[in-house]
file run_12.json (JSON, C-alpha atoms and all ligand atoms)
[["chain", "number", "residue", "atom", "x", "y", "z"],
["A", 1, "MET", "CA", -26.69, -32.66, -22.97],
["A", 2, "ALA", "CA", -25.73, -36.27, -23.45],
["A", 3, "THR", "CA", -28.17, -39.15, -23.70],
["A", 4, "ILE", "CA", -27.76, -42.76, -22.59],
["A", 5, "LEU", "CA", -28.90, -45.07, -25.36],
["A", 6, "GLY", "CA", -28.83, -48.28, -23.37],
["A", 7, "GLY", "CA", -26.65, -50.95, -21.92],
["A", 8, "ILE", "CA", -25.14, -54.17, -23.23],
["A", 9, "THR", "CA", -23.74, -57.02, -21.19],
["A", 10, "THR", "CA", -21.66, -59.95, -22.30],
["A", 11, "SER", "CA", -19.33, -62.56, -20.90],
["A", 12, "HIS", "CA", -15.69, -61.69, -21.69],
["A", 13, "ILE", "CA", -14.14, -65.18, -21.82],
["A", 14, "PRO", "CA", -10.61, -65.02, -23.34],
["A", 15, "ALA", "CA", -11.31, -68.12, -25.48],
["A", 16, "VAL", "CA", -13.86, -65.95, -27.32],
["A", 17, "GLY", "CA", -11.01, -63.66, -28.37],
["A", 18, "ASN", "CA", -9.21, -66.65, -29.81],
["A", 19, "ALA", "CA", -12.37, -67.85, -31.59],
["A", 20, "ILE", "CA", -12.77, -64.36, -33.13],
["A", 21, "GLN", "CA", -9.15, -64.50, -34.25],
["A", 22, "LYS", "CA", -9.83, -67.83, -35.98],
["A", 23, "GLU", "CA", -13.27, -66.71, -37.27],
["A", 24, "LEU", "CA", -15.01, -69.75, -35.77],
["A", 25, "TYR", "CA", -18.45, -68.10, -36.01],
["A", 26, "ASP", "CA", -20.12, -71.09, -37.68],
["A", 27, "ASP", "CA", -18.23, -73.79, -35.80],
["A", 28, "PRO", "CA", -20.82, -76.00, -33.99],
["A", 29, "TYR", "CA", -19.28, -75.25, -30.57],
["A", 30, "TRP", "CA", -19.26, -71.48, -31.13],
["A", 31, "LYS", "CA", -22.34, -70.82, -33.25],
["A", 32, "PRO", "CA", -24.90, -70.73, -30.40],
["A", 33, "PHE", "CA", -22.68, -68.16, -28.68],
["A", 34, "PHE", "CA", -21.98, -65.91, -31.68],
["A", 35, "ASP", "CA", -25.64, -66.07, -32.77],
["A", 36, "GLY", "CA", -26.33, -63.75, -29.83],
["A", 37, "TYR", "CA", -24.55, -60.80, -31.44],
["A", 38, "PRO", "CA", -26.01, -59.86, -34.90],
["A", 39, "LYS", "CA", -29.03, -58.12, -33.30],
["A", 40, "ILE", "CA", -26.64, -56.11, -31.15],
["A", 41, "HIS", "CA", -24.58, -55.18, -34.23],
["A", 42, "ALA", "CA", -27.75, -53.96, -35.95],
["A", 43, "TRP", "CA", -28.74, -51.88, -32.90],
["A", 44, "ILE", "CA", -25.28, -50.32, -32.69],
["A", 45, "ARG", "CA", -25.33, -49.53, -36.43],
["A", 46, "GLU", "CA", -28.74, -47.90, -36.04],
["A", 47, "HIS", "CA", -27.92, -45.81, -32.94],
["A", 48, "LYS", "CA", -24.22, -45.02, -33.51],
["A", 49, "PRO", "CA", -23.01, -44.28, -29.98],
["A", 50, "ASP", "CA", -20.31, -41.59, -29.67],
["A", 51, "TYR", "CA", -18.93, -42.92, -26.37],
["A", 52, "VAL", "CA", -18.76, -46.32, -24.72],
["A", 53, "ILE", "CA", -18.45, -46.69, -20.96],
["A", 54, "ASN", "CA", -16.86, -50.11, -20.58],
["A", 55, "ILE", "CA", -17.51, -51.45, -17.06],
["A", 56, "TYR", "CA", -15.32, -54.49, -16.58],
["A", 57, "ASN", "CA", -13.20, -56.14, -13.91],
["A", 58, "ASP", "CA", -9.46, -56.21, -14.33],
["A", 59, "HIS", "CA", -8.00, -59.68, -13.71],
["A", 60, "GLY", "CA", -4.40, -58.76, -12.83],
["A", 61, "LEU", "CA", -3.12, -56.81, -15.85],
["A", 62, "GLY", "CA", -3.98, -53.22, -14.87],
["A", 63, "PHE", "CA", -3.92, -53.86, -11.12],
["A", 64, "PHE", "CA", -2.56, -56.65, -8.98],
["A", 65, "LEU", "CA", -3.13, -57.88, -5.43],
["A", 66, "ASP", "CA", -0.61, -55.38, -4.03],
["A", 67, "ARG", "CA", -2.75, -52.43, -5.22],
["A", 68, "MET", "CA", -6.40, -53.16, -5.74],
["A", 69, "PRO", "CA", -8.75, -50.22, -6.24],
["A", 70, "THR", "CA", -12.41, -50.90, -5.46],
["A", 71, "PHE", "CA", -13.45, -48.57, -8.30],
["A", 72, "ALA", "CA", -11.00, -47.30, -10.94],
["A", 73, "ILE", "CA", -11.75, -45.02, -13.90],
["A", 74, "GLY", "CA", -9.47, -44.56, -16.89],
["A", 75, "ALA", "CA", -8.62, -40.97, -17.85],
["A", 76, "ALA", "CA", -6.18, -41.64, -20.67],
["A", 77, "HIS", "CA", -6.06, -40.61, -24.33],
["A", 78, "GLU", "CA", -5.79, -44.24, -25.33],
["A", 79, "TYR", "CA", -5.82, -47.72, -23.83],
["A", 80, "ARG", "CA", -3.65, -50.64, -24.82],
["A", 81, "ASN", "CA", -3.99, -54.30, -24.04],
["A", 82, "GLU", "CA", -0.96, -56.48, -23.36],
["A", 83, "ASP", "CA", -0.12, -60.16, -23.53],
["A", 84, "GLU", "CA", -1.95, -61.78, -20.61],
["A", 85, "GLY", "CA", -0.94, -65.32, -21.49],
["A", 86, "TRP", "CA", -4.25, -66.37, -23.09],
["A", 87, "GLY", "CA", -2.82, -66.27, -26.62],
["A", 88, "LEU", "CA", -4.71, -63.06, -27.40],
["A", 89, "PRO", "CA", -3.03, -60.59, -29.75],
["A", 90, "SER", "CA", -1.84, -57.15, -28.67],
["A", 91, "LEU", "CA", -4.05, -54.74, -30.58],
["A", 92, "ASP", "CA", -3.80, -51.13, -31.68],
["A", 93, "PRO", "CA", -4.79, -48.75, -28.89],
["A", 94, "PHE", "CA", -8.43, -48.02, -28.15],
["A", 95, "PRO", "CA", -9.17, -44.27, -28.33],
["A", 96, "GLY", "CA", -10.03, -42.72, -24.96],
["A", 97, "ALA", "CA", -12.17, -39.73, -24.02],
["A", 98, "PRO", "CA", -10.31, -37.93, -21.19],
["A", 99, "GLU", "CA", -12.73, -35.00, -21.03],
["A", 100, "LEU", "CA", -15.63, -37.38, -20.39],
["A", 101, "SER", "CA", -13.48, -39.42, -17.97],
["A", 102, "TRP", "CA", -12.68, -36.35, -15.86],
["A", 103, "HIS", "CA", -16.30, -35.23, -15.93],
["A", 104, "ILE", "CA", -17.28, -38.65, -14.55],
["A", 105, "ILE", "CA", -14.48, -38.73, -11.96],
["A", 106, "GLU", "CA", -15.28, -35.21, -10.69],
["A", 107, "SER", "CA", -18.93, -35.94, -10.27],
["A", 108, "MET", "CA", -18.59, -39.48, -8.83],
["A", 109, "VAL", "CA", -16.24, -38.17, -6.14],
["A", 110, "ALA", "CA", -18.65, -35.29, -5.43],
["A", 111, "ASP", "CA", -21.28, -38.02, -5.02],
["A", 112, "GLU", "CA", -19.02, -39.65, -2.39],
["A", 113, "PHE", "CA", -17.71, -42.56, -4.47],
["A", 114, "ASP", "CA", -13.97, -42.91, -3.86],
["A", 115, "ILE", "CA", -12.36, -43.36, -7.26],
["A", 116, "THR", "CA", -8.85, -44.27, -8.36],
["A", 117, "SER", "CA", -8.23, -42.15, -11.47],
["A", 118, "CYS", "CA", -5.87, -43.75, -13.99],
["A", 119, "GLN", "CA", -4.06, -41.62, -16.55],
["A", 120, "GLU", "CA", -2.43, -44.82, -17.74],
["A", 121, "LEU", "CA", -4.25, -48.14, -17.74],
["A", 122, "ALA", "CA", -3.52, -51.41, -19.51],
["A", 123, "VAL", "CA", -6.86, -53.02, -20.35],
["A", 124, "ASP", "CA", -7.30, -56.79, -20.24],
["A", 125, "HIS", "CA", -9.67, -59.31, -21.85],
["A", 126, "GLY", "CA", -12.50, -58.06, -19.64],
["A", 127, "PHE", "CA", -12.42, -54.80, -21.62],
["A", 128, "VAL", "CA", -11.12, -55.97, -25.00],
["A", 129, "VAL", "CA", -13.15, -59.10, -25.83],
["A", 130, "PRO", "CA", -16.53, -57.33, -25.48],
["A", 131, "MET", "CA", -15.27, -54.48, -27.70],
["A", 132, "GLN", "CA", -14.34, -57.06, -30.34],
["A", 133, "LEU", "CA", -17.72, -58.75, -29.98],
["A", 134, "PHE", "CA", -19.74, -55.54, -30.36],
["A", 135, "TRP", "CA", -17.50, -53.67, -32.87],
["A", 136, "PRO", "CA", -16.01, -56.37, -35.11],
["A", 137, "GLY", "CA", -12.42, -55.49, -35.97],
["A", 138, "ALA", "CA", -12.07, -53.27, -32.89],
["A", 139, "PRO", "CA", -10.33, -50.98, -32.35],
["A", 140, "ASN", "CA", -10.05, -50.53, -36.13],
["A", 141, "ASN", "CA", -13.79, -50.39, -36.74],
["A", 142, "PRO", "CA", -14.81, -47.01, -38.24],
["A", 143, "ASP", "CA", -17.81, -46.88, -35.87],
["A", 144, "MET", "CA", -15.65, -47.50, -32.77],
["A", 145, "PRO", "CA", -16.77, -44.98, -30.12],
["A", 146, "ARG", "CA", -14.24, -43.39, -27.78],
["A", 147, "ALA", "CA", -14.03, -45.29, -24.53],
["A", 148, "VAL", "CA", -14.00, -44.73, -20.78],
["A", 149, "PRO", "CA", -12.95, -47.89, -18.90],
["A", 150, "ILE", "CA", -14.36, -48.40, -15.43],
["A", 151, "SER", "CA", -13.02, -51.34, -13.42],
["A", 152, "ALA", "CA", -14.39, -52.66, -10.14],
["A", 153, "ASN", "CA", -12.65, -55.13, -7.89],
["A", 154, "THR", "CA", -14.05, -58.66, -8.11],
["A", 155, "VAL", "CA", -10.66, -60.28, -7.54],
["A", 156, "GLN", "CA", -9.65, -59.69, -3.94],
["A", 157, "HIS", "CA", -12.15, -59.62, -1.09],
["A", 158, "PRO", "CA", -13.70, -57.41, 0.19],
["A", 159, "ILE", "CA", -15.47, -56.75, -3.11],
["A", 160, "PRO", "CA", -18.31, -54.21, -3.43],
["A", 161, "THR", "CA", -21.83, -55.27, -2.47],
["A", 162, "LEU", "CA", -24.50, -55.67, -5.14],
["A", 163, "LYS", "CA", -26.24, -52.60, -3.71],
["A", 164, "ARG", "CA", -23.05, -50.56, -3.96],
["A", 165, "ALA", "CA", -22.65, -51.65, -7.58],
["A", 166, "LEU", "CA", -26.22, -50.64, -8.45],
["A", 167, "ASP", "CA", -25.79, -47.32, -6.59],
["A", 168, "PHE", "CA", -22.56, -46.69, -8.48],
["A", 169, "GLY", "CA", -24.49, -47.12, -11.72],
["A", 170, "LYS", "CA", -27.22, -44.73, -10.57],
["A", 171, "ALA", "CA", -24.61, -42.05, -9.75],
["A", 172, "LEU", "CA", -22.93, -42.75, -13.09],
["A", 173, "ARG", "CA", -26.26, -42.12, -14.83],
["A", 174, "LYS", "CA", -26.49, -38.65, -13.25],
["A", 175, "THR", "CA", -22.99, -37.71, -14.33],
["A", 176, "LEU", "CA", -23.43, -39.01, -17.89],
["A", 177, "LEU", "CA", -26.68, -37.13, -18.36],
["A", 178, "SER", "CA", -24.99, -33.91, -17.17],
["A", 179, "PHE", "CA", -22.12, -34.18, -19.69],
["A", 180, "PRO", "CA", -22.47, -30.92, -21.65],
["A", 181, "GLU", "CA", -22.15, -32.37, -25.12],
["A", 182, "ASP", "CA", -24.86, -33.53, -27.48],
["A", 183, "ALA", "CA", -23.48, -37.08, -27.39],
["A", 184, "LYS", "CA", -24.93, -40.59, -27.39],
["A", 185, "ILE", "CA", -23.52, -42.98, -24.81],
["A", 186, "VAL", "CA", -23.74, -46.76, -24.45],
["A", 187, "VAL", "CA", -22.78, -48.54, -21.21],
["A", 188, "LEU", "CA", -21.26, -52.04, -21.17],
["A", 189, "GLY", "CA", -21.21, -54.49, -18.27],
["A", 190, "THR", "CA", -18.77, -57.33, -18.95],
["A", 191, "GLY", "CA", -18.19, -60.69, -17.26],
["A", 192, "GLY", "CA", -20.35, -63.42, -15.79],
["A", 193, "LEU", "CA", -22.56, -65.20, -15.64],
["A", 194, "SER", "CA", -21.91, -68.13, -13.28],
["A", 195, "HIS", "CA", -18.39, -69.55, -13.38],
["A", 196, "GLN", "CA", -15.58, -70.70, -11.15],
["A", 197, "LEU", "CA", -12.10, -71.21, -12.53],
["A", 198, "ASP", "CA", -10.24, -72.49, -9.49],
["A", 199, "GLY", "CA", -10.42, -74.81, -6.49],
["A", 200, "GLN", "CA", -12.56, -77.86, -5.90],
["A", 201, "ARG", "CA", -15.59, -76.31, -7.59],
["A", 202, "ALA", "CA", -13.71, -75.38, -10.81],
["A", 203, "GLY", "CA", -16.20, -75.69, -13.67],
["A", 204, "PHE", "CA", -19.17, -74.84, -11.43],
["A", 205, "ILE", "CA", -22.16, -73.37, -13.31],
["A", 206, "ASN", "CA", -25.62, -72.54, -11.89],
["A", 207, "LYS", "CA", -28.25, -72.17, -14.60],
["A", 208, "GLU", "CA", -31.14, -71.60, -12.22],
["A", 209, "PHE", "CA", -29.38, -68.72, -10.47],
["A", 210, "ASP", "CA", -28.29, -67.20, -13.79],
["A", 211, "GLN", "CA", -31.88, -67.23, -15.01],
["A", 212, "TYR", "CA", -32.99, -65.56, -11.77],
["A", 213, "CYS", "CA", -30.39, -62.83, -12.29],
["A", 214, "LEU", "CA", -31.27, -62.38, -15.97],
["A", 215, "GLU", "CA", -34.97, -62.06, -15.15],
["A", 216, "ASN", "CA", -34.55, -59.58, -12.34],
["A", 217, "ILE", "CA", -31.85, -57.38, -13.77],
["A", 218, "VAL", "CA", -34.20, -56.24, -16.52],
["A", 219, "HIS", "CA", -37.16, -54.94, -14.49],
["A", 220, "ASN", "CA", -36.35, -55.48, -10.82],
["A", 221, "PRO", "CA", -32.64, -54.96, -10.12],
["A", 222, "GLU", "CA", -33.39, -53.81, -6.55],
["A", 223, "GLU", "CA", -34.41, -57.41, -5.77],
["A", 224, "LEU", "CA", -30.85, -58.52, -6.57],
["A", 225, "THR", "CA", -29.37, -56.16, -3.97],
["A", 226, "LYS", "CA", -30.69, -58.61, -1.32],
["A", 227, "ILE", "CA", -28.04, -61.13, -2.42],
["A", 228, "THR", "CA", -25.06, -60.98, -0.07],
["A", 229, "ARG", "CA", -21.51, -61.22, -1.43],
["A", 230, "MET", "CA", -21.05, -64.63, 0.19],
["A", 231, "GLU", "CA", -24.29, -65.85, -1.41],
["A", 232, "LEU", "CA", -23.08, -64.50, -4.74],
["A", 233, "VAL", "CA", -19.85, -66.52, -4.50],
["A", 234, "GLU", "CA", -21.80, -69.59, -3.35],
["A", 235, "LYS", "CA", -24.48, -69.37, -6.07],
["A", 236, "ALA", "CA", -22.57, -67.88, -9.02],
["A", 237, "GLY", "CA", -19.08, -69.25, -8.34],
["A", 238, "ALA", "CA", -15.92, -67.44, -7.28],
["A", 239, "GLN", "CA", -15.68, -65.61, -10.62],
["A", 240, "GLY", "CA", -19.45, -65.27, -10.99],
["A", 241, "THR", "CA", -18.93, -62.18, -8.81],
["A", 242, "GLU", "CA", -18.41, -60.45, -12.15],
["A", 243, "PHE", "CA", -22.19, -60.04, -12.10],
["A", 244, "LEU", "CA", -21.39, -56.84, -10.17],
["A", 245, "MET", "CA", -20.49, -55.30, -13.54],
["A", 246, "TRP", "CA", -23.99, -56.05, -14.80],
["A", 247, "MET", "CA", -25.44, -54.32, -11.72],
["A", 248, "MET", "CA", -23.28, -51.22, -12.31],
["A", 249, "MET", "CA", -24.38, -51.09, -15.93],
["A", 250, "ARG", "CA", -28.04, -51.55, -14.98],
["A", 251, "GLY", "CA", -27.95, -48.68, -12.48],
["A", 252, "ALA", "CA", -26.89, -46.34, -15.27],
["A", 253, "LEU", "CA", -29.99, -47.09, -17.37],
["A", 254, "GLY", "CA", -32.71, -45.69, -15.09],
["A", 255, "ASP", "CA", -35.92, -47.40, -14.02],
["A", 256, "GLU", "CA", -37.54, -48.18, -17.37],
["A", 257, "VAL", "CA", -35.78, -50.26, -20.00],
["A", 258, "ASN", "CA", -36.81, -52.27, -23.03],
["A", 259, "GLU", "CA", -35.15, -55.61, -23.57],
["A", 260, "ILE", "CA", -34.01, -55.83, -27.20],
["A", 261, "THR", "CA", -32.26, -59.19, -27.12],
["A", 262, "ARG", "CA", -30.75, -61.79, -24.81],
["A", 263, "ASN", "CA", -28.71, -64.92, -25.22],
["A", 264, "TYR", "CA", -27.67, -67.56, -22.70],
["A", 265, "HIS", "CA", -25.49, -70.52, -23.55],
["A", 266, "ILE", "CA", -23.70, -73.19, -21.47],
["A", 267, "PRO", "CA", -20.79, -73.65, -21.50],
["A", 268, "ILE", "CA", -18.27, -71.50, -23.26],
["A", 269, "SER", "CA", -14.96, -72.57, -21.79],
["A", 270, "ASN", "CA", -15.80, -72.71, -18.05],
["A", 271, "THR", "CA", -18.54, -70.09, -18.12],
["A", 272, "ALA", "CA", -22.29, -69.83, -18.51],
["A", 273, "SER", "CA", -22.20, -67.11, -21.15],
["A", 274, "GLY", "CA", -24.86, -64.44, -21.03],
["A", 275, "THR", "CA", -25.62, -61.48, -23.27],
["A", 276, "LEU", "CA", -28.29, -58.82, -22.83],
["A", 277, "LEU", "CA", -29.14, -55.61, -24.68],
["A", 278, "LEU", "CA", -31.35, -53.17, -22.79],
["A", 279, "GLU", "CA", -32.49, -49.91, -24.34],
["A", 280, "CYS", "CA", -33.33, -46.94, -22.14],
["A", 281, "ALA", "CA", -37.05, -46.16, -22.36],
["A", 282, "ALA", "CA", -37.64, -42.71, -23.86],
["A", 301, "LIG", "C1", -12.90, -67.61, -18.32],
["A", 301, "LIG", "C2", -13.89, -66.72, -17.91],
["A", 301, "LIG", "C3", -13.56, -65.45, -17.43],
["A", 301, "LIG", "O1", -14.48, -64.54, -17.01],
["A", 301, "LIG", "C4", -12.23, -65.06, -17.38],
["A", 301, "LIG", "O2", -11.96, -63.81, -16.94],
["A", 301, "LIG", "C5", -11.23, -65.93, -17.77],
["A", 301, "LIG", "C6", -11.56, -67.22, -18.24],
["A", 301, "LIG", "C7", -13.22, -68.96, -18.85],
["A", 301, "LIG", "O3", -14.36, -69.45, -18.71],
["A", 301, "LIG", "O4", -12.34, -69.57, -19.46],
["A", 302, "FE", "FE", -13.48, -62.76, -16.11]]

call {"tool": "encode", "arguments": {"input": "run_12.json", "output": "structure tokens", "more": "lines below"}}
Ligand code: DHB
Ligand code: FE
result
Amino acid sequence: MATILGGITTSHIPAVGNAIQKELYDDPYWKPFFDGYPKIHAWIREHKPDYVINIYNDHGLGFFLDRMPTFAIGAAHEYRNEDEGWGLPSLDPFPGAPELSWHIIESMVADEFDITSCQELAVDHGFVVPMQLFWPGAPNNPDMPRAVPISANTVQHPIPTLKRALDFGKALRKTLLSFPEDAKIVVLGTGGLSHQLDGQRAGFINKEFDQYCLENIVHNPEELTKITRMELVEKAGAQGTEFLMWMMMRGALGDEVNEITRNYHIPISNTASGTLLLECAA
């Protein structure tokens, strides 16, 4: 049976993709951000996951306002990104894992989560930038695990509640642990923390709320389910709703986790960037 090694979260800001392209790792603006990743690289090298479940929110590349699935799961042999207009390069395809995708889709639907299954899915910066951060050179990193993308709607209201996101993760945990292969799986939650890109509050960041979320997501994620969606928009910003991805990831890790590393840095572009590596307790 499969095991879940742990979960990793990171902001997925497109400007990070450009900074990677230009290798700005030691640039004074970027260094405090990139310094959050070597410990994660070491952990990945040590544990060598076979599969990565990449929980992200599509921003209009894979889905648009005319068709907006609440929860979508990729079931393709490979996933390509496309030009989104951020100046990010189109990369080689990321290898998929359709047999694991279908296992997840079957069992999530049996668990009464209504899933849009995608045998074709263009993946945007929400998926790609974290892959590049965790597996430098991705997708052409020899350690690159095969991927299952899972996207939840944070773009068009009504978005899922924080409780629904955590419950999704808990159901995902059950299905991953029942995958009949002796495989090691890592779960990503990408996006966040507080940010708002549009409207009168563009540039809004809320350090106090981010710290509250970072503290509770480690040992007390249930506490965060008390936050309503309107409160989440108010306190984290219109795009800070991406914290739902962190909740989905956290649900998949079970009750007990060990925090291996965290980083929090303001601002990167318009975002309070946050990174967290949680290992599942044995
Ligand atoms: C930024 C952040 C995001 O999460 C995103 O999807 C796009 C842009 C930003 O801060 O620039
Ligand atoms: Fe985003």

call {"tool": "atom_distance", "arguments": {"input": "run_12.json", "atom1": "CA of Glu78 in chain A", "atom2": "CA of Glu99 in chain A"}}
result
12.3 Å

call {"tool": "residues_near_ligand", "arguments": {"input": "run_12.json", "ligand": "ligand LIG 301 (chain A)", "cutoff": "6 Å", "atoms": "all atoms listed in the file", "output": "ChimeraX atom specification"}}
result
/A:12-14,191,269-271

call {"tool": "atom_distance", "arguments": {"input": "run_12.json", "atom1": "CA of Asn153 in chain A", "atom2": "CA of Leu188 in chain A"}}
result
16.1 Å

call {"tool": "residues_around", "arguments": {"input": "run_12.json", "residues": "Gly96 in chain A", "least_positions_apart": "2", "cutoff": "12 Å", "atoms": "all atoms listed in the file", "output": "PyMOL selection string"}}
result
chain A and resi 50-54+73-80+93-94+98-102+118-121+123+139+144-150

call {"tool": "atom_distance", "arguments": {"input": "run_12.json", "atom1": "CA of Gly126 in chain A", "atom2": "CA of Tyr56 in chain A"}}
result
5.5 Å

call {"tool": "closest_residue", "arguments": {"input": "run_12.json", "among": "A:Ile115, A:Thr154, A:Met247, A:Gly189", "to": "Asp167 in chain A", "atoms": "all atoms listed in the file"}}
result
A:Met247

call {"tool": "residues_near_ligand", "arguments": {"input": "run_12.json", "ligand": "ligand FE 302 (chain A)", "cutoff": "12 Å", "atoms": "all atoms listed in the file", "output": "PDB file with C-alpha atoms, keeping the file's coordinate frame"}}
result
ATOM      1  CA  THR A  10     -21.660 -59.950 -22.300  1.00  0.00           C
ATOM      2  CA  SER A  11     -19.330 -62.560 -20.900  1.00  0.00           C
ATOM      3  CA  HIS A  12     -15.690 -61.690 -21.690  1.00  0.00           C
ATOM      4  CA  ILE A  13     -14.140 -65.180 -21.820  1.00  0.00           C
ATOM      5  CA  PRO A  14     -10.610 -65.020 -23.340  1.00  0.00           C
ATOM      6  CA  ALA A  15     -11.310 -68.120 -25.480  1.00  0.00           C
ATOM      7  CA  VAL A  16     -13.860 -65.950 -27.320  1.00  0.00           C
ATOM      8  CA  TYR A  56     -15.320 -54.490 -16.580  1.00  0.00           C
ATOM      9  CA  ASN A  57     -13.200 -56.140 -13.910  1.00  0.00           C
ATOM     10  CA  ASP A  58      -9.460 -56.210 -14.330  1.00  0.00           C
ATOM     11  CA  HIS A  59      -8.000 -59.680 -13.710  1.00  0.00           C
ATOM     12  CA  GLY A  60      -4.400 -58.760 -12.830  1.00  0.00           C
ATOM     13  CA  LEU A  61      -3.120 -56.810 -15.850  1.00  0.00           C
ATOM     14  CA  ASP A 124      -7.300 -56.790 -20.240  1.00  0.00           C
ATOM     15  CA  HIS A 125      -9.670 -59.310 -21.850  1.00  0.00           C
ATOM     16  CA  GLY A 126     -12.500 -58.060 -19.640  1.00  0.00           C
ATOM     17  CA  PHE A 127     -12.420 -54.800 -21.620  1.00  0.00           C
ATOM     18  CA  VAL A 128     -11.120 -55.970 -25.000  1.00  0.00           C
ATOM     19  CA  VAL A 129     -13.150 -59.100 -25.830  1.00  0.00           C
ATOM     20  CA  PRO A 130     -16.530 -57.330 -25.480  1.00  0.00           C
ATOM     21  CA  SER A 151     -13.020 -51.340 -13.420  1.00  0.00           C
ATOM     22  CA  ALA A 152     -14.390 -52.660 -10.140  1.00  0.00           C
ATOM     23  CA  ASN A 153     -12.650 -55.130  -7.890  1.00  0.00           C
ATOM     24  CA  THR A 154     -14.050 -58.660  -8.110  1.00  0.00           C
ATOM     25  CA  VAL A 155     -10.660 -60.280  -7.540  1.00  0.00           C
ATOM     26  CA  GLY A 189     -21.210 -54.490 -18.270  1.00  0.00           C
ATOM     27  CA  THR A 190     -18.770 -57.330 -18.950  1.00  0.00           C
ATOM     28  CA  GLY A 191     -18.190 -60.690 -17.260  1.00  0.00           C
ATOM     29  CA  GLY A 192     -20.350 -63.420 -15.790  1.00  0.00           C
ATOM     30  CA  LEU A 193     -22.560 -65.200 -15.640  1.00  0.00           C
ATOM     31  CA  SER A 194     -21.910 -68.130 -13.280  1.00  0.00           C
ATOM     32  CA  HIS A 195     -18.390 -69.550 -13.380  1.00  0.00           C
ATOM     33  CA  GLN A 196     -15.580 -70.700 -11.150  1.00  0.00           C
ATOM     34  CA  LEU A 197     -12.100 -71.210 -12.530  1.00  0.00           C
ATOM     35  CA  GLY A 237     -19.080 -69.250  -8.340  1.00  0.00           C
ATOM     36  CA  ALA A 238     -15.920 -67.440  -7.280  1.00  0.00           C
ATOM     37  CA  GLN A 239     -15.680 -65.610 -10.620  1.00  0.00           C
ATOM     38  CA  GLY A 240     -19.450 -65.270 -10.990  1.00  0.00           C
ATOM     39  CA  THR A 241     -18.930 -62.180  -8.810  1.00  0.00           C
ATOM     40  CA  GLU A 242     -18.410 -60.450 -12.150  1.00  0.00           C
ATOM     41  CA  PHE A 243     -22.190 -60.040 -12.100  1.00  0.00           C
ATOM     42  CA  LEU A 244     -21.390 -56.840 -10.170  1.00  0.00           C
ATOM     43  CA  MET A 245     -20.490 -55.300 -13.540  1.00  0.00           C
ATOM     44  CA  SER A 269     -14.960 -72.570 -21.790  1.00  0.00           C
ATOM     45  CA  ASN A 270     -15.800 -72.710 -18.050  1.00  0.00           C
ATOM     46  CA  THR A 271     -18.540 -70.090 -18.120  1.00  0.00           C
ATOM     47  CA  ALA A 272     -22.290 -69.830 -18.510  1.00  0.00           C
ATOM     48  CA  SER A 273     -22.200 -67.110 -21.150  1.00  0.00           C
TER      49      SER A 273
END

call {"tool": "closest_residue", "arguments": {"input": "run_12.json", "among": "A:Lys163, A:Leu24, A:Thr261, A:Leu172", "to": "Leu224 in chain A", "atoms": "all atoms listed in the file"}}
result
A:Lys163

call {"tool": "residues_around", "arguments": {"input": "run_12.json", "residues": "range 275-279 of chain A", "least_positions_apart": "4", "cutoff": "6 Å", "atoms": "only C-alpha atoms", "output": "CSV table (one decimal) with C-alpha atoms, in the frame of the given file"}}
result
chain,number,residue,atom,x,y,z
A,6,GLY,CA,-28.8,-48.3,-23.4
A,7,GLY,CA,-26.6,-51.0,-21.9
A,8,ILE,CA,-25.1,-54.2,-23.2
A,9,THR,CA,-23.7,-57.0,-21.2
A,10,THR,CA,-21.7,-60.0,-22.3
A,257,VAL,CA,-35.8,-50.3,-20.0
A,258,ASN,CA,-36.8,-52.3,-23.0
A,259,GLU,CA,-35.2,-55.6,-23.6
A,260,ILE,CA,-34.0,-55.8,-27.2
A,261,THR,CA,-32.3,-59.2,-27.1
A,262,ARG,CA,-30.8,-61.8,-24.8
A,263,ASN,CA,-28.7,-64.9,-25.2
